[in-house]
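Structure file start-v9.csv (CSV, C-alpha atoms and all ligand atoms) follows.
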```csv
chain,number,residue,atom,x,y,z
A,133,MET,CA,51.8,103.9,126.3
A,134,PRO,CA,50.9,103.0,129.8
A,135,ARG,CA,50.4,99.3,130.3
A,136,HIS,CA,46.9,99.9,131.6
A,137,ASP,CA,45.7,100.9,128.1
A,138,HIS,CA,46.3,97.4,126.8
A,139,HIS,CA,43.5,96.1,128.9
A,140,GLY,CA,41.0,97.3,126.4
A,141,ASP,CA,42.8,95.6,123.7
A,142,PHE,CA,42.9,92.3,125.5
A,143,ARG,CA,39.3,92.5,126.3
A,144,ALA,CA,38.4,93.1,122.6
A,145,MET,CA,40.9,90.7,121.2
A,146,GLN,CA,40.8,87.5,123.2
A,147,ALA,CA,38.3,84.7,123.0
A,148,PRO,CA,36.1,84.3,126.0
A,149,PRO,CA,37.8,82.4,128.8
A,150,VAL,CA,37.2,78.7,129.3
A,151,SER,CA,39.1,76.8,131.9
A,152,ALA,CA,38.4,73.5,133.6
A,153,THR,CA,41.3,74.0,136.0
A,154,LEU,CA,39.6,76.5,138.2
A,155,ASP,CA,36.1,76.9,139.4
A,156,PRO,CA,35.5,80.5,138.3
A,157,VAL,CA,32.6,81.5,140.4
A,158,SER,CA,34.0,80.3,143.7
A,159,SER,CA,37.3,81.8,142.9
A,160,PRO,CA,38.2,85.3,144.3
A,161,HIS,CA,39.7,86.0,140.9
A,162,PHE,CA,36.3,85.9,139.4
A,163,HIS,CA,34.8,88.3,141.8
A,164,PHE,CA,37.7,90.5,141.4
A,165,SER,CA,37.2,90.5,137.7
A,166,LEU,CA,33.6,91.4,138.1
A,167,VAL,CA,34.6,94.4,140.3
A,168,ASN,CA,37.0,95.6,137.6
A,169,ASN,CA,34.8,94.6,134.7
A,170,LEU,CA,37.7,92.5,133.3
A,171,PRO,CA,37.4,89.1,131.8
A,172,PRO,CA,38.2,86.2,134.2
A,173,ARG,CA,40.7,85.0,131.6
A,174,LEU,CA,43.1,87.6,132.7
A,175,PHE,CA,43.3,85.8,136.0
A,176,PHE,CA,43.7,82.2,135.0
A,177,ARG,CA,47.1,80.9,135.6
A,178,ASN,CA,48.6,78.7,132.9
A,179,PRO,CA,49.7,75.4,134.6
A,180,SER,CA,52.6,75.2,132.1
A,181,THR,CA,53.8,78.7,132.8
A,182,ARG,CA,57.1,77.9,134.3
A,183,VAL,CA,58.0,75.3,131.7
A,184,GLU,CA,60.8,76.5,129.5
A,185,PHE,CA,59.6,77.4,126.0
A,186,SER,CA,60.2,75.0,123.2
A,187,PRO,CA,59.5,75.7,119.5
A,188,ARG,CA,56.7,73.8,118.0
A,189,PRO,CA,57.6,70.8,115.8
A,190,PRO,CA,57.9,71.5,112.0
A,191,ALA,CA,54.6,72.1,110.4
A,192,THR,CA,53.2,69.0,108.7
A,193,ASP,CA,51.1,70.9,106.2
A,194,SER,CA,53.7,73.5,105.3
A,195,MET,CA,53.0,76.6,103.3
A,196,LEU,CA,56.4,78.2,103.6
A,197,GLN,CA,59.7,77.0,104.9
A,198,LEU,CA,62.9,79.0,105.5
A,199,ARG,CA,66.0,77.0,106.2
A,200,SER,CA,69.0,78.9,107.6
A,201,VAL,CA,68.3,81.9,105.4
A,202,THR,CA,70.9,84.7,105.6
A,203,LYS,CA,70.8,88.0,103.7
A,204,ARG,CA,73.5,90.6,103.8
A,205,TYR,CA,73.7,94.1,102.5
A,206,GLY,CA,77.4,94.7,102.2
A,207,ALA,CA,78.8,94.3,105.7
A,208,LEU,CA,75.3,94.4,107.3
A,209,THR,CA,73.6,91.1,108.0
A,210,ALA,CA,69.9,91.9,107.7
A,211,LEU,CA,68.8,88.3,108.2
A,212,ASP,CA,70.9,86.0,110.2
A,213,ASP,CA,70.5,82.2,109.7
A,214,VAL,CA,66.7,82.3,110.0
A,215,SER,CA,64.7,79.1,109.9
A,216,LEU,CA,60.9,79.3,110.0
A,217,ASP,CA,57.9,77.1,109.2
A,218,ILE,CA,54.6,78.6,108.3
A,219,ALA,CA,51.7,76.1,108.1
A,220,ARG,CA,48.8,76.3,105.7
A,221,GLY,CA,46.0,78.5,107.1
A,222,GLU,CA,48.2,80.4,109.7
A,223,PHE,CA,47.9,84.1,110.4
A,224,PHE,CA,51.5,84.6,111.2
A,225,GLY,CA,52.8,87.8,112.8
A,226,LEU,CA,56.3,89.0,112.3
A,227,LEU,CA,56.8,91.5,115.1
A,228,GLY,CA,59.9,93.6,115.4
A,229,PRO,CA,61.1,97.2,115.5
A,230,ASN,CA,62.3,99.2,112.6
A,231,GLY,CA,65.4,97.7,111.0
A,232,ALA,CA,64.7,94.2,112.4
A,233,GLY,CA,64.7,92.5,109.0
A,234,LYS,CA,60.9,92.2,108.4
A,235,SER,CA,60.9,93.7,104.9
A,236,THR,CA,64.0,91.8,104.0
A,237,LEU,CA,62.3,88.5,104.9
A,238,MET,CA,59.2,89.5,102.9
A,239,SER,CA,61.3,90.5,99.9
A,240,LEU,CA,63.1,87.1,99.9
A,241,VAL,CA,59.8,85.2,100.0
A,242,ALA,CA,58.4,87.4,97.3
A,243,GLY,CA,61.5,86.8,95.1
A,244,LEU,CA,62.5,90.4,95.0
A,245,ARG,CA,65.9,89.5,96.4
A,246,SER,CA,67.8,86.2,96.7
A,247,PRO,CA,69.3,85.0,99.9
A,248,ASP,CA,73.1,84.8,100.4
A,249,ALA,CA,72.7,81.4,102.1
A,250,GLY,CA,69.9,79.0,102.9
A,251,ALA,CA,66.7,78.0,101.1
A,252,LEU,CA,63.1,78.9,100.9
A,253,THR,CA,60.3,76.5,100.0
A,254,LEU,CA,56.8,77.7,99.1
A,255,ASP,CA,54.0,75.2,99.1
A,256,GLY,CA,56.4,72.4,98.3
A,257,THR,CA,58.5,74.1,95.7
A,258,VAL,CA,62.0,75.4,96.3
A,259,LEU,CA,62.1,79.1,95.4
A,260,THR,CA,64.7,80.4,93.0
A,261,THR,CA,64.9,83.9,91.6
A,262,HIS,CA,65.1,82.6,88.1
A,263,ASP,CA,61.8,80.7,88.2
A,264,PRO,CA,58.9,82.9,89.1
A,265,ALA,CA,56.3,80.2,88.5
A,266,ALA,CA,56.0,79.2,92.2
A,267,ARG,CA,55.3,82.7,93.2
A,268,VAL,CA,52.0,82.9,91.4
A,269,ALA,CA,50.8,81.4,94.6
A,270,LEU,CA,51.8,84.5,96.4
A,271,GLY,CA,50.5,88.0,96.9
A,272,LEU,CA,52.5,90.9,98.4
A,273,VAL,CA,51.2,94.1,100.0
A,274,PRO,CA,54.5,96.0,100.1
A,275,GLN,CA,55.5,98.4,102.8
A,276,SER,CA,55.6,101.4,100.4
A,277,ILE,CA,52.4,101.7,98.3
A,278,ALA,CA,53.0,100.5,94.8
A,279,LEU,CA,50.3,102.0,92.6
A,280,TYR,CA,50.0,104.3,89.6
A,281,ASP,CA,49.0,107.7,91.0
A,282,ASP,CA,47.5,109.1,87.8
A,283,LEU,CA,45.4,106.0,87.0
A,284,SER,CA,42.0,105.2,88.6
A,285,ALA,CA,41.5,102.5,91.2
A,286,GLU,CA,39.9,100.3,88.5
A,287,GLN,CA,42.7,100.9,86.0
A,288,ASN,CA,45.3,100.0,88.6
A,289,LEU,CA,43.6,96.8,89.4
A,290,ARG,CA,43.3,96.0,85.7
A,291,ILE,CA,47.1,96.3,85.3
A,292,PHE,CA,47.8,94.1,88.3
A,293,GLY,CA,45.2,91.5,87.2
A,294,GLU,CA,46.7,91.4,83.7
A,295,LEU,CA,50.2,90.9,85.1
A,296,TYR,CA,48.9,87.8,86.7
A,297,GLY,CA,47.3,86.6,83.4
A,298,LEU,CA,43.7,87.5,84.2
A,299,ARG,CA,41.5,88.6,81.3
A,300,GLY,CA,38.0,89.5,80.2
A,301,ALA,CA,35.0,88.7,82.3
A,302,THR,CA,37.0,86.9,85.0
A,303,LEU,CA,39.1,90.0,85.5
A,304,ARG,CA,36.1,92.3,85.5
A,305,THR,CA,34.3,90.2,88.1
A,306,ARG,CA,37.4,90.0,90.3
A,307,ILE,CA,38.0,93.8,90.1
A,308,GLY,CA,34.4,94.4,91.1
A,309,GLU,CA,34.6,92.0,94.0
A,310,ALA,CA,37.9,93.3,95.1
A,311,LEU,CA,36.8,97.0,95.1
A,312,ALA,CA,33.7,96.0,97.1
A,313,ALA,CA,35.7,94.0,99.6
A,314,VAL,CA,38.0,97.0,100.4
A,315,GLN,CA,35.1,99.4,100.3
A,316,LEU,CA,36.3,101.4,97.3
A,317,ALA,CA,33.6,100.6,94.8
A,318,ASP,CA,32.3,104.2,94.8
A,319,ARG,CA,35.8,105.5,94.1
A,320,ARG,CA,36.6,103.1,91.3
A,321,ARG,CA,37.0,105.9,88.7
A,322,ASP,CA,39.0,108.3,90.8
A,323,PRO,CA,42.7,108.6,90.3
A,324,VAL,CA,44.8,107.2,93.1
A,325,ARG,CA,46.4,110.5,93.8
A,326,THR,CA,43.1,111.7,95.3
A,327,PHE,CA,43.1,108.8,97.8
A,328,SER,CA,44.0,109.0,101.5
A,329,GLY,CA,46.9,106.8,102.7
A,330,GLY,CA,44.4,104.4,104.0
A,331,MET,CA,42.4,104.1,100.8
A,332,ALA,CA,45.6,103.6,98.8
A,333,ARG,CA,46.7,100.9,101.2
A,334,ARG,CA,43.3,99.2,100.8
A,335,LEU,CA,43.6,99.3,97.0
A,336,ASN,CA,47.1,97.9,97.2
A,337,LEU,CA,45.7,95.0,99.3
A,338,ALA,CA,42.9,94.5,96.7
A,339,ALA,CA,45.6,94.4,94.0
A,340,SER,CA,47.6,91.7,95.7
A,341,LEU,CA,44.5,89.4,96.0
A,342,LEU,CA,43.1,89.5,92.4
A,343,HIS,CA,44.9,86.3,91.4
A,344,ARG,CA,43.7,84.5,94.5
A,345,PRO,CA,47.1,83.7,96.1
A,346,LYS,CA,47.5,80.9,98.7
A,347,LEU,CA,49.9,83.0,100.7
A,348,LEU,CA,49.6,86.7,101.4
A,349,LEU,CA,52.5,88.8,102.6
A,350,CYS,CA,51.5,92.1,104.3
A,351,ASP,CA,54.4,94.3,105.1
A,352,GLU,CA,53.3,96.8,107.8
A,353,PRO,CA,50.1,97.5,106.0
A,354,THR,CA,48.7,99.9,108.5
A,355,VAL,CA,51.5,102.5,108.7
A,356,GLY,CA,50.1,105.9,107.8
A,357,VAL,CA,46.6,104.5,107.7
A,358,ASP,CA,43.6,106.2,109.4
A,359,PRO,CA,41.8,104.1,112.1
A,360,GLN,CA,38.8,103.5,109.9
A,361,SER,CA,40.8,102.0,107.1
A,362,ARG,CA,42.9,100.1,109.6
A,363,ASN,CA,39.8,98.4,110.9
A,364,ALA,CA,38.6,97.7,107.4
A,365,ILE,CA,41.9,96.1,106.6
A,366,PHE,CA,41.9,94.0,109.8
A,367,GLU,CA,38.4,92.8,109.2
A,368,TYR,CA,39.1,91.9,105.6
A,369,LEU,CA,42.3,90.0,106.5
A,370,ALA,CA,40.6,88.1,109.3
A,371,GLN,CA,37.8,87.1,106.9
A,372,LEU,CA,40.3,86.0,104.2
A,373,ASN,CA,42.2,84.0,106.8
A,374,ARG,CA,39.0,82.3,108.0
A,375,GLY,CA,38.4,81.4,104.3
A,376,GLY,CA,41.8,79.5,104.3
A,377,LEU,CA,44.3,82.1,103.1
A,378,THR,CA,47.7,81.9,104.8
A,379,ILE,CA,48.9,85.3,105.9
A,380,ILE,CA,52.3,86.6,107.0
A,381,TYR,CA,51.8,90.0,108.6
A,382,SER,CA,54.7,92.2,109.7
A,383,THR,CA,54.3,95.0,112.2
A,384,HIS,CA,56.0,96.9,114.9
A,385,TYR,CA,52.7,97.3,116.8
A,386,MET,CA,52.2,94.6,119.3
A,387,GLU,CA,48.5,95.4,119.6
A,388,GLU,CA,48.1,94.3,115.9
A,389,ALA,CA,50.1,91.1,116.4
A,390,THR,CA,48.0,90.3,119.5
A,391,ARG,CA,44.7,91.0,117.8
A,392,LEU,CA,45.3,89.4,114.5
A,393,CYS,CA,47.8,86.6,114.6
A,394,SER,CA,47.5,83.0,115.5
A,395,ARG,CA,51.2,82.8,116.0
A,396,ILE,CA,53.9,85.4,116.3
A,397,GLY,CA,57.6,85.5,115.6
A,398,ILE,CA,59.6,88.2,117.4
A,399,ILE,CA,62.4,89.4,115.2
A,400,ASP,CA,65.3,91.8,115.9
A,401,HIS,CA,68.7,92.3,114.3
A,402,GLY,CA,67.9,89.7,111.7
A,403,LYS,CA,67.1,86.9,114.1
A,404,ILE,CA,63.9,85.3,115.2
A,405,LEU,CA,64.2,85.6,119.0
A,406,ALA,CA,61.0,83.9,119.9
A,407,LEU,CA,58.2,82.0,118.2
A,408,GLY,CA,54.8,80.9,119.4
A,409,THR,CA,51.2,81.7,120.2
A,410,LEU,CA,50.7,84.8,122.4
A,411,ASP,CA,50.2,82.5,125.4
A,412,GLU,CA,53.4,80.6,124.6
A,413,LEU,CA,55.4,83.8,124.3
A,414,LEU,CA,54.0,85.2,127.5
A,415,THR,CA,55.2,82.1,129.3
A,416,ARG,CA,58.8,83.1,128.5
A,417,LEU,CA,58.5,85.9,131.0
A,418,PRO,CA,59.8,85.2,134.5
A,419,PHE,CA,56.6,86.8,135.8
A,420,GLU,CA,53.0,86.3,134.7
A,421,GLU,CA,51.2,89.3,135.8
A,422,GLU,CA,51.6,92.5,137.6
A,423,ILE,CA,49.3,93.9,140.2
A,424,THR,CA,49.4,97.7,140.7
A,425,PHE,CA,48.0,99.8,143.4
A,426,ALA,CA,48.4,103.4,144.6
A,427,ALA,CA,51.0,104.1,147.2
A,428,THR,CA,49.1,105.6,150.1
A,429,PRO,CA,49.6,105.6,153.8
A,430,ALA,CA,47.0,102.8,153.9
A,431,THR,CA,49.0,100.6,151.6
A,432,THR,CA,52.5,101.2,153.2
A,433,ALA,CA,52.5,98.3,155.7
A,434,PHE,CA,50.9,95.9,153.2
A,435,SER,CA,53.4,96.7,150.5
A,436,GLU,CA,56.3,96.0,152.9
A,437,GLN,CA,54.9,92.6,153.6
A,438,LEU,CA,54.5,91.8,149.9
A,439,THR,CA,58.2,91.5,149.5
A,440,ALA,CA,57.7,87.9,150.8
A,441,LEU,CA,55.5,87.1,147.9
A,442,GLY,CA,57.4,88.7,145.0
A,443,ASN,CA,59.1,91.9,143.8
A,444,ILE,CA,57.6,95.2,144.5
A,445,ALA,CA,58.7,98.5,142.8
A,446,ASP,CA,57.5,102.0,143.3
A,447,VAL,CA,56.9,103.9,140.1
A,448,ASN,CA,55.5,107.5,140.3
A,449,GLY,CA,53.3,106.9,143.3
A,450,THR,CA,52.2,103.5,142.2
A,451,HIS,CA,53.3,100.1,143.6
A,452,ARG,CA,54.0,97.5,141.0
A,453,PHE,CA,54.0,94.0,142.3
A,454,ARG,CA,55.3,91.0,140.3
A,455,PRO,CA,54.6,87.7,142.0
A,456,ARG,CA,57.2,85.1,142.5
A,457,ALA,CA,56.9,81.5,141.2
A,458,GLY,CA,54.4,79.4,143.2
A,459,PHE,CA,52.6,82.5,144.2
A,460,ARG,CA,48.9,82.2,145.2
A,461,LEU,CA,46.6,85.0,144.4
A,462,SER,CA,44.4,84.0,147.2
A,463,GLU,CA,47.2,84.6,149.7
A,464,PHE,CA,47.6,88.1,148.2
A,465,TYR,CA,44.0,89.0,148.8
A,466,ALA,CA,43.9,87.4,152.2
A,467,LEU,CA,46.8,89.6,153.2
A,468,ALA,CA,45.1,92.6,151.6
A,469,GLU,CA,42.0,91.9,153.6
A,470,ARG,CA,44.0,91.7,156.8
A,471,HIS,CA,45.2,95.2,156.0
A,472,GLY,CA,41.7,96.4,155.3
A,473,LEU,CA,42.3,96.8,151.6
A,474,PRO,CA,39.4,95.8,149.3
A,475,PRO,CA,40.0,94.2,145.9
A,476,ARG,CA,39.0,97.4,144.1
A,477,VAL,CA,42.3,99.0,145.3
A,478,PHE,CA,44.2,96.7,142.9
A,479,THR,CA,44.6,96.5,139.2
A,480,GLN,CA,45.8,93.3,137.8
A,481,GLN,CA,47.4,93.1,134.4
A,482,ARG,CA,48.6,90.3,132.2
A,483,PRO,CA,52.0,91.0,130.7
A,484,THR,CA,52.1,92.1,127.1
A,485,LEU,CA,54.3,91.2,124.1
A,486,GLU,CA,56.1,94.5,124.9
A,487,ALA,CA,57.2,92.9,128.1
A,488,VAL,CA,58.4,89.8,126.3
A,489,PHE,CA,60.3,91.9,123.8
A,490,LEU,CA,61.9,93.9,126.6
A,491,HIS,CA,62.8,90.8,128.4
A,492,LEU,CA,64.4,89.3,125.3
A,493,THR,CA,66.3,92.4,124.1
A,494,GLY,CA,66.5,94.8,127.0
A,495,ARG,CA,64.7,97.5,125.0
A,496,ASN,CA,61.3,98.6,123.9
A,497,LEU,CA,59.7,97.7,120.6
A,498,ARG,CA,59.1,101.3,119.8
A,499,GLU,CA,62.6,102.6,120.4
B,1,LIG,N1,68.6,97.9,100.2
B,1,LIG,C1,69.3,98.0,101.4
B,1,LIG,N2,70.6,98.3,101.4
B,1,LIG,C2,71.3,98.3,102.5
B,1,LIG,N3,70.8,98.1,103.7
B,1,LIG,C3,69.5,97.8,103.8
B,1,LIG,C4,68.7,97.7,102.6
B,1,LIG,N4,67.4,97.4,103.0
B,1,LIG,C5,67.5,97.2,104.3
B,1,LIG,N5,68.7,97.5,104.8
B,1,LIG,C6,69.1,97.4,106.2
B,1,LIG,O1,68.8,96.1,106.7
B,1,LIG,C7,68.3,96.0,107.9
B,1,LIG,C8,66.9,95.4,107.9
B,1,LIG,O2,66.0,96.2,107.2
B,1,LIG,P1,64.5,95.9,106.9
B,1,LIG,O3,64.4,94.5,106.4
B,1,LIG,O4,64.0,96.9,106.0
B,1,LIG,O5,63.9,96.0,108.4
B,1,LIG,P2,62.4,96.2,108.8
B,1,LIG,O6,61.5,96.0,107.6
B,1,LIG,O7,62.2,95.3,109.9
B,1,LIG,O8,62.3,97.7,109.3
B,1,LIG,C9,68.3,97.5,108.4
B,1,LIG,O9,69.4,97.7,109.2
B,1,LIG,C10,68.3,98.3,107.1
B,1,LIG,O10,68.9,99.5,107.3
B,2,MG,MG,60.1,97.2,106.8
```
Is it possible to express this structure as structure tokens?
Amino acid sequence: MPRHDHHGDFRAMQAPPVSATLDPVSSPHFHFSLVNNLPPRLFFRNPSTRVEFSPRPPATDSMLQLRSVTKRYGALTALDDVSLDIARGEFFGLLGPNGAGKSTLMSLVAGLRSPDAGALTLDGTVLTTHDPAARVALGLVPQSIALYDDLSAEQNLRIFGELYGLRGATLRTRIGEALAAVQLADRRRDPVRTFSGGMARRLNLAASLLHRPKLLLCDEPTVGVDPQSRNAIFEYLAQLNRGGLTIIYSTHYMEEATRLCSRIGIIDHGKILALGTLDELLTRLPFEEEITFAATPATTAFSEQLTALGNIADVNGTHRFRPRAGFRLSEFYALAERHGLPPRVFTQQRPTLEAVFLHLTGRNLRE
């Protein structure tokens, strides 16, 4: 996907910009943003940008801790000495390509497998595979849908609810609420085999929540899901999280992690490579933003002079400029003006998680 497309995502996903460090209206960035109909936020520079990333201190109000967790399948190390703290109320994104170890991590937390080394603590209780009691606090939406195809939505929920010890009026009320929340109330009597992938996924989500867990594990819940169901899932998860539910959400879509998660861990080859808020992760890049413009006779002389301000590359008739440390955007536009190039010639983009991943691993998330 071309980087340009991510603009729309950022616009929709990010909170409105507030910054005391820069007077937005007097800044050329602001006018530039008006021209391009982009939020000024894209143009603010983080003062701590060049500071080397440091992991946040251990969570004080911990929901889940992993300490040096290793999991092997024969000779393959699927999780390699992973330590991780998830605080109460977080919406944590586990972002990584296929085979990174996301499902393995989920399965260890859910108690479906035990680690070869290390320890997991859920809400203050050390998890063991022998003692499932602690896991009552936990809901899992597995990567592959786990429902009974021939049973109706309602019958499926009854089975899941009963597994968690719910009975009678409480169970009936919760089933009704859950079906309404995932917008399946009108399909309650239909067998699951008549459902679309998105509907089945929504039902699986409802099933994982009947017992009101404190921690919800969602393992790639939007794979094979239509856009409408996808949005319904996002909105429901965001609402649950606002209500206090801690969520761990795995995905290989950086747009999802960007949109949903308060903190993101990038995982590959069984290791957490980077951990932080989106902003913190983006500061790991040796560049902050990229300015692109068409390579035309009018921009030739300008682009040659830009080498003094950063790196410039030519990609299919487009100049891609990555500023150097200490670069001032005002200098860029002053230089452009001297070359008779108006701001609308330029497209400025904030780097994405994809760029962070590429920087850390040398390959793309989608490969
Ligand atoms: N049951 C298993 N037996 C053997 N290898 C497995 C098994 N499950 C996963 N793996 C391997 O472990 C690695 C991590 O897999 P997984 O946790 O499913 O990654 P992800 O969910 O990020 O795609 C992959 O190399 C995968 O092939
Ligand atoms: Mg998986």
Neighbour residues at most 10 Å from (42.8, 96.0, 86.2) (only C-alpha atoms) as an MDAnalysis selection string = chainID A and resid 284:295 298:299 303:304 306:308 339 342
Include C-alpha atoms and write out the residues we just selected as a short mmCIF file (atom, residue, chain, number, x, y, z; two decimals), in the coordinates of the input.
```
data_model
loop_
_atom_site.label_atom_id
_atom_site.label_comp_id
_atom_site.auth_asym_id
_atom_site.auth_seq_id
_atom_site.Cartn_x
_atom_site.Cartn_y
_atom_site.Cartn_z
CA SER A 284 42.00 105.20 88.60
CA ALA A 285 41.50 102.50 91.20
CA GLU A 286 39.90 100.30 88.50
CA GLN A 287 42.70 100.90 86.00
CA ASN A 288 45.30 100.00 88.60
CA LEU A 289 43.60 96.80 89.40
CA ARG A 290 43.30 96.00 85.70
CA ILE A 291 47.10 96.30 85.30
CA PHE A 292 47.80 94.10 88.30
CA GLY A 293 45.20 91.50 87.20
CA GLU A 294 46.70 91.40 83.70
CA LEU A 295 50.20 90.90 85.10
CA LEU A 298 43.70 87.50 84.20
CA ARG A 299 41.50 88.60 81.30
CA LEU A 303 39.10 90.00 85.50
CA ARG A 304 36.10 92.30 85.50
CA ARG A 306 37.40 90.00 90.30
CA ILE A 307 38.00 93.80 90.10
CA GLY A 308 34.40 94.40 91.10
CA ALA A 339 45.60 94.40 94.00
CA LEU A 342 43.10 89.50 92.40
#
```
Once you count all atoms listed in the file, what closest atom pair and distance in Å to one decimal does each residue of chain A within 7 Å of ligand LIG 1 (chain B) have, with rows by chain and rising residue number, as CSV?
```
residue,atom,partner,partner_atom,distance
A:Tyr205,CA,B:LIG1,C2,4.8
A:Leu208,CA,B:LIG1,O1,6.7
A:Ala210,CA,B:LIG1,C7,4.4
A:Gly228,CA,B:LIG1,O7,6.2
A:Pro229,CA,B:LIG1,O7,6.0
A:Asn230,CA,B:LIG1,O8,3.6
A:Gly231,CA,B:LIG1,O5,3.4
A:Ala232,CA,B:LIG1,O7,3.7
A:Gly233,CA,B:LIG1,O3,3.3
A:Lys234,CA,B:LIG1,O7,3.7
A:Ser235,CA,B:LIG1,O6,3.6
A:Thr236,CA,B:LIG1,O3,3.6
A:Leu237,CA,B:LIG1,O3,6.5
A:Gly402,CA,B:LIG1,C8,6.9
```
Save the residues we just selected, C-alpha atoms, as a PDB file, in the coordinates of the input?
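Output file again_16.pdb follows:
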```pdb
ATOM      1  CA  TYR A 205      73.700  94.100 102.500  1.00  0.00           C
ATOM      2  CA  LEU A 208      75.300  94.400 107.300  1.00  0.00           C
ATOM      3  CA  ALA A 210      69.900  91.900 107.700  1.00  0.00           C
ATOM      4  CA  GLY A 228      59.900  93.600 115.400  1.00  0.00           C
ATOM      5  CA  PRO A 229      61.100  97.200 115.500  1.00  0.00           C
ATOM      6  CA  ASN A 230      62.300  99.200 112.600  1.00  0.00           C
ATOM      7  CA  GLY A 231      65.400  97.700 111.000  1.00  0.00           C
ATOM      8  CA  ALA A 232      64.700  94.200 112.400  1.00  0.00           C
ATOM      9  CA  GLY A 233      64.700  92.500 109.000  1.00  0.00           C
ATOM     10  CA  LYS A 234      60.900  92.200 108.400  1.00  0.00           C
ATOM     11  CA  SER A 235      60.900  93.700 104.900  1.00  0.00           C
ATOM     12  CA  THR A 236      64.000  91.800 104.000  1.00  0.00           C
ATOM     13  CA  LEU A 237      62.300  88.500 104.900  1.00  0.00           C
ATOM     14  CA  GLY A 402      67.900  89.700 111.700  1.00  0.00           C
TER      15      GLY A 402
END
```
message = Quick check, in Å to one decimal: how far apart do atom CA of A:His343 and atom CA of A:Val268 lie?
response =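 Computed distance, atom CA of A:His343 to atom CA of A:Val268, equals 7.9 Å.
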task = Would you list the contacts of A:His471 as a list of chain:residue names, taking every protein, DNA or RNA residue within 8 Å and counting all atoms listed in the file, but skipping same-chain residues closer than 2 positions in sequence?
result =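 My reading of the contact set: A:Thr431, A:Ala433, A:Phe434, A:Leu467, A:Ala468, A:Glu469, A:Leu473.
Taking atom CA of A:Gln437 and atom CA of A:Glu421 as the two end points, the separation is 18.5 Å.
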d(atom CA of A:Arg416, atom MG of ligand MG 2 (chain B)) in Å =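 Between these atoms lies a distance of 25.9 Å.
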Could the residues of stretch 208-283 of chain A that have an atom at most 7 Å from stretch 321-333 of chain A be listed as JSON lines, each with its closest atom pair and the distance in Å to one decimal, counting all atoms listed in the file and ordered by chain and ascending residue number?
```
{"residue": "A:Ile277", "atom": "CA", "partner": "A:Arg333", "partner_atom": "CA", "distance": 6.4}
{"residue": "A:Tyr280", "atom": "CA", "partner": "A:Val324", "partner_atom": "CA", "distance": 6.9}
{"residue": "A:Asp281", "atom": "CA", "partner": "A:Val324", "partner_atom": "CA", "distance": 4.7}
{"residue": "A:Asp282", "atom": "CA", "partner": "A:Pro323", "partner_atom": "CA", "distance": 5.4}
{"residue": "A:Leu283", "atom": "CA", "partner": "A:Pro323", "partner_atom": "CA", "distance": 5.0}
```
For A:Gly375, please output as a CSV table (one decimal) with C-alpha atoms, keeping the file's coordinate frame all residues within 12 Å (counting all atoms listed in the file; exclusion window: fewer than 6 positions along the same chain).
```csv
chain,number,residue,atom,x,y,z
A,220,ARG,CA,48.8,76.3,105.7
A,221,GLY,CA,46.0,78.5,107.1
A,222,GLU,CA,48.2,80.4,109.7
A,223,PHE,CA,47.9,84.1,110.4
A,344,ARG,CA,43.7,84.5,94.5
A,346,LYS,CA,47.5,80.9,98.7
A,368,TYR,CA,39.1,91.9,105.6
A,369,LEU,CA,42.3,90.0,106.5
```
query = When distances are computed from all atoms listed in the file, which of A:Phe366, A:Phe459, A:Tyr381, A:Phe224 shows the smallest separation from ligand MG 2 (chain B)?
reply = A:Tyr381
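Nearest to A:Glu387 of all the residues A:Leu240, A:Ala301, A:Leu410, A:Ala457 is A:Leu410, based on only C-alpha atoms.
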task = Return the single residue from A:Asn363, A:Ile423, A:Pro418, A:Arg498 that is closest to A:Tyr465, with distances computed using all atoms listed in the file.
result =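 Among the listed residues, the smallest separation from A:Tyr465 belongs to A:Ile423.
Closest approach to ligand MG 2 (chain B) from the set A:Thr484, A:Thr424, A:Ser239, A:Thr261 is made by A:Ser239, with distances taken over all atoms listed in the file.
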message = Which residues are near stretch 196-201 of chain A? Cut-off 10 Å, all atoms listed in the file, ignore same chain within fewer than 5 positions. Put them as a ChimeraX atom specification.
response = /A:190-191,211-220,237,240-241,246-258,347,378,380
task = Compile the contact shell of A:Leu337 as a VMD selection string: residues with an atom at most 9 Å away, counting all atoms listed in the file, same-chain residues fewer than 4 positions apart removed.
result = chain A and resid 271 to 274 314 332 to 333 341 350 353 365
inquiry  = Show me, as an NGL selection string, the residues that have an atom within 9 Å of A:Leu405 when counting only C-alpha atoms, minus same-chain residues fewer than 2 positions from it.
reply    = :A and (397-400 or 403 or 407 or 489 or 492-493)
inquiry  = Let me make sure I understand: among A:Val355, A:Ala310, A:Ala269, A:Lys203, which one has the smallest atom-to-atom distance to ligand MG 2 (chain B) if we use only C-alpha atoms and all ligand atoms?
reply    =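 When distances to ligand MG 2 (chain B) are compared using only C-alpha atoms and all ligand atoms, the smallest one comes from A:Val355.
Shortest atom-to-atom contact with ligand MG 2 (chain B) among A:Leu227, A:Ala207, A:Ala487, A:Ala370: A:Leu227, counting all atoms listed in the file.
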